[in-house]
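Step one of this worksheet: look at the structure below.
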Amino acid sequence: IAVVSGCAIAGLVTGWWVAPLAAAGVVSAGAVGVLARRKIGGLSGDVLGACEQIAECACLVVISGLATRHPIWWT
């Protein structure tokens with residue numbers, strides 16, 4: 001429910017930009033989860049915090065790349 005509501009709010013704010021942002025967040029958080037299961041055998045609060053930080057960084061990289069090619073949505 002949290003992911004869907006977050007994407008809905010982001011979609012209202014950013015328009016079509018939400019698709020690559022959501023994809024970047026899901027892929028990066030999934031990669032951290034897979035790595036954590038391999039290295040430490042599961043998930044913990046620290047891993048969830050790392051997922052959030054990595055997903056946020058990935059979204060910032062994607063939005064920076066999009067902003068160089070497309071006009072920013074609020075202009």
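Labels for the structure tokens follow display order: chains A, B, ..., residues from 1 in each chain, ligands from 1.
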* Just the alpha helix (DSSP H) stuff from chain A, please, per backbone DSSP, written as a PyMOL selection string. => chain A and resi 2-14+18-40+45-69
* **Neighbour list for Glu56 of chain A as number ranges by chain, cut-off 12 Å, only C-alpha atoms, skip fewer than 6 positions in-chain** => A: 21-29, 49-50, 62-63
Selected residues, C-alpha atoms, written as an mmCIF file, in the first residue's frame, please.
data_model
loop_
_atom_site.group_PDB
_atom_site.id
_atom_site.type_symbol
_atom_site.label_atom_id
_atom_site.label_comp_id
_atom_site.auth_asym_id
_atom_site.auth_seq_id
_atom_site.Cartn_x
_atom_site.Cartn_y
_atom_site.Cartn_z
ATOM 1 C CA LEU A 21 11.994 6.951 -10.913
ATOM 2 C CA ALA A 22 9.929 4.028 -9.612
ATOM 3 C CA ALA A 23 11.907 1.582 -11.740
ATOM 4 C CA ALA A 24 15.200 2.907 -10.377
ATOM 5 C CA GLY A 25 13.952 2.659 -6.799
ATOM 6 C CA VAL A 26 12.624 -0.879 -7.169
ATOM 7 C CA VAL A 27 15.708 -2.209 -8.975
ATOM 8 C CA SER A 28 18.180 -0.662 -6.545
ATOM 9 C CA ALA A 29 16.280 -1.730 -3.421
ATOM 10 C CA GLY A 49 17.760 1.688 5.835
ATOM 11 C CA ALA A 50 20.361 0.911 3.189
ATOM 12 C CA VAL A 62 17.823 9.191 -12.810
ATOM 13 C CA ILE A 63 16.147 12.562 -12.346
#
* Determine, counting only C-alpha atoms, which protein, DNA and RNA residues have an atom within 12 Å of an atom of Ala36 of chain A; residues of the same chain fewer than 3 positions away are not included. Present the result as a PyMOL selection string. => chain A and resi 29-33+39-51
Now that the selection is made, can you save its residues with N, CA and C atoms as a CSV table (one decimal), in the first residue's frame?
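Dumped to selection-v7.csv:
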chain,number,residue,atom,x,y,z
A,29,ALA,N,16.6,-1.1,-4.7
A,29,ALA,CA,16.3,-1.7,-3.4
A,29,ALA,C,16.3,-3.3,-3.5
A,30,GLY,N,15.8,-3.8,-4.6
A,30,GLY,CA,15.9,-5.2,-4.8
A,30,GLY,C,17.3,-5.8,-4.9
A,31,ALA,N,18.2,-5.0,-5.5
A,31,ALA,CA,19.6,-5.4,-5.5
A,31,ALA,C,20.2,-5.5,-4.1
A,32,VAL,N,19.9,-4.5,-3.3
A,32,VAL,CA,20.4,-4.5,-1.9
A,32,VAL,C,19.8,-5.6,-1.1
A,33,GLY,N,18.6,-6.0,-1.4
A,33,GLY,CA,18.0,-7.1,-0.7
A,33,GLY,C,18.6,-8.4,-1.1
A,39,LYS,N,24.9,-12.3,1.6
A,39,LYS,CA,26.0,-12.0,2.5
A,39,LYS,C,25.7,-12.3,4.0
A,40,ILE,N,24.5,-11.9,4.4
A,40,ILE,CA,24.2,-12.0,5.9
A,40,ILE,C,23.0,-12.9,6.1
A,41,GLY,N,22.5,-13.5,5.1
A,41,GLY,CA,21.4,-14.5,5.3
A,41,GLY,C,20.0,-13.9,5.6
A,42,GLY,N,19.8,-12.7,5.4
A,42,GLY,CA,18.5,-12.1,5.7
A,42,GLY,C,18.4,-10.6,5.7
A,43,LEU,N,17.3,-10.1,6.1
A,43,LEU,CA,17.1,-8.7,6.2
A,43,LEU,C,17.0,-8.2,7.6
A,44,SER,N,17.5,-7.0,7.9
A,44,SER,CA,17.5,-6.4,9.2
A,44,SER,C,17.1,-4.9,9.0
A,45,GLY,N,17.0,-4.2,10.1
A,45,GLY,CA,16.7,-2.8,10.0
A,45,GLY,C,17.7,-2.0,9.3
A,46,ASP,N,19.0,-2.4,9.5
A,46,ASP,CA,20.1,-1.7,8.8
A,46,ASP,C,20.0,-1.9,7.3
A,47,VAL,N,19.6,-3.1,6.8
A,47,VAL,CA,19.4,-3.4,5.4
A,47,VAL,C,18.3,-2.6,4.8
A,48,LEU,N,17.2,-2.4,5.6
A,48,LEU,CA,16.0,-1.6,5.1
A,48,LEU,C,16.4,-0.2,5.0
A,49,GLY,N,17.3,0.3,5.9
A,49,GLY,CA,17.8,1.7,5.8
A,49,GLY,C,18.7,1.9,4.6
A,50,ALA,N,19.5,0.9,4.4
A,50,ALA,CA,20.4,0.9,3.2
A,50,ALA,C,19.5,0.9,1.9
A,51,CYS,N,18.5,0.1,1.9
A,51,CYS,CA,17.6,0.1,0.7
A,51,CYS,C,17.0,1.5,0.4
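Take the candidates A:Gln53, A:Val18, A:Ser64, A:Val34 and check each one against Gly6 of chain A using only C-alpha atoms; the shortest distance goes to A:Val18.
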* Excluding Cys7 of chain A and any residue of its chain fewer than 4 positions from it, enumerate the residues within 9 Å of it, using only C-alpha atoms, and give them as number ranges by chain. => A: 2-3, 11-12, 18-19, 22
If you keep all heavy atoms, can you produce a file of those selected residues as an mmCIF file, in the first residue's frame?
data_model
loop_
_atom_site.group_PDB
_atom_site.id
_atom_site.type_symbol
_atom_site.label_atom_id
_atom_site.label_comp_id
_atom_site.auth_asym_id
_atom_site.auth_seq_id
_atom_site.Cartn_x
_atom_site.Cartn_y
_atom_site.Cartn_z
ATOM 1 N N ALA A 2 1.979 1.205 0.751
ATOM 2 C CA ALA A 2 2.865 2.368 0.836
ATOM 3 C C ALA A 2 3.520 2.660 -0.513
ATOM 4 O O ALA A 2 3.635 3.821 -0.908
ATOM 5 C CB ALA A 2 3.925 2.151 1.897
ATOM 6 N N VAL A 3 3.940 1.611 -1.224
ATOM 7 C CA VAL A 3 4.586 1.814 -2.522
ATOM 8 C C VAL A 3 3.597 2.397 -3.525
ATOM 9 O O VAL A 3 3.921 3.340 -4.257
ATOM 10 C CB VAL A 3 5.181 0.482 -3.038
ATOM 11 C CG1 VAL A 3 5.669 0.621 -4.464
ATOM 12 C CG2 VAL A 3 6.304 0.020 -2.140
ATOM 13 N N GLY A 11 3.438 10.501 -9.001
ATOM 14 C CA GLY A 11 2.852 10.657 -10.335
ATOM 15 C C GLY A 11 2.082 11.953 -10.479
ATOM 16 O O GLY A 11 2.120 12.595 -11.533
ATOM 17 N N LEU A 12 1.399 12.353 -9.426
ATOM 18 C CA LEU A 12 0.681 13.630 -9.467
ATOM 19 C C LEU A 12 1.649 14.808 -9.564
ATOM 20 O O LEU A 12 1.372 15.802 -10.216
ATOM 21 C CB LEU A 12 -0.200 13.787 -8.229
ATOM 22 C CG LEU A 12 -1.415 12.871 -8.149
ATOM 23 C CD1 LEU A 12 -2.088 13.026 -6.787
ATOM 24 C CD2 LEU A 12 -2.385 13.167 -9.263
ATOM 25 N N VAL A 18 7.545 9.660 -13.216
ATOM 26 C CA VAL A 18 7.424 8.701 -12.119
ATOM 27 C C VAL A 18 7.812 7.290 -12.556
ATOM 28 O O VAL A 18 8.335 6.520 -11.744
ATOM 29 C CB VAL A 18 6.003 8.726 -11.517
ATOM 30 C CG1 VAL A 18 4.988 8.086 -12.425
ATOM 31 C CG2 VAL A 18 5.984 8.047 -10.158
ATOM 32 N N ALA A 19 7.620 6.934 -13.809
ATOM 33 C CA ALA A 19 7.935 5.573 -14.262
ATOM 34 C C ALA A 19 9.430 5.247 -14.134
ATOM 35 O O ALA A 19 9.792 4.237 -13.511
ATOM 36 C CB ALA A 19 7.447 5.363 -15.688
ATOM 37 N N ALA A 22 10.383 5.229 -10.330
ATOM 38 C CA ALA A 22 9.929 4.028 -9.612
ATOM 39 C C ALA A 22 10.766 2.820 -10.008
ATOM 40 O O ALA A 22 11.128 2.005 -9.153
ATOM 41 C CB ALA A 22 8.453 3.779 -9.896
#
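Pairwise distance (atom CA of Trp17 of chain A, atom CA of His70 of chain A) equals 9.9 Å.
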* Asked: What does the distance from atom CA of Cys59 of chain A to atom CA of Trp16 of chain A come to in Å, to one decimal?
  -> 14.0 Å
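With distances restricted to only C-alpha atoms, A:Thr14 is the closest residue to Ala67 of chain A from A:Leu35, A:Ile1, A:Thr14, A:Ile9.
Pairwise distance (atom CA of Pro71 of chain A, atom CA of Glu52 of chain A) equals 27.1 Å.
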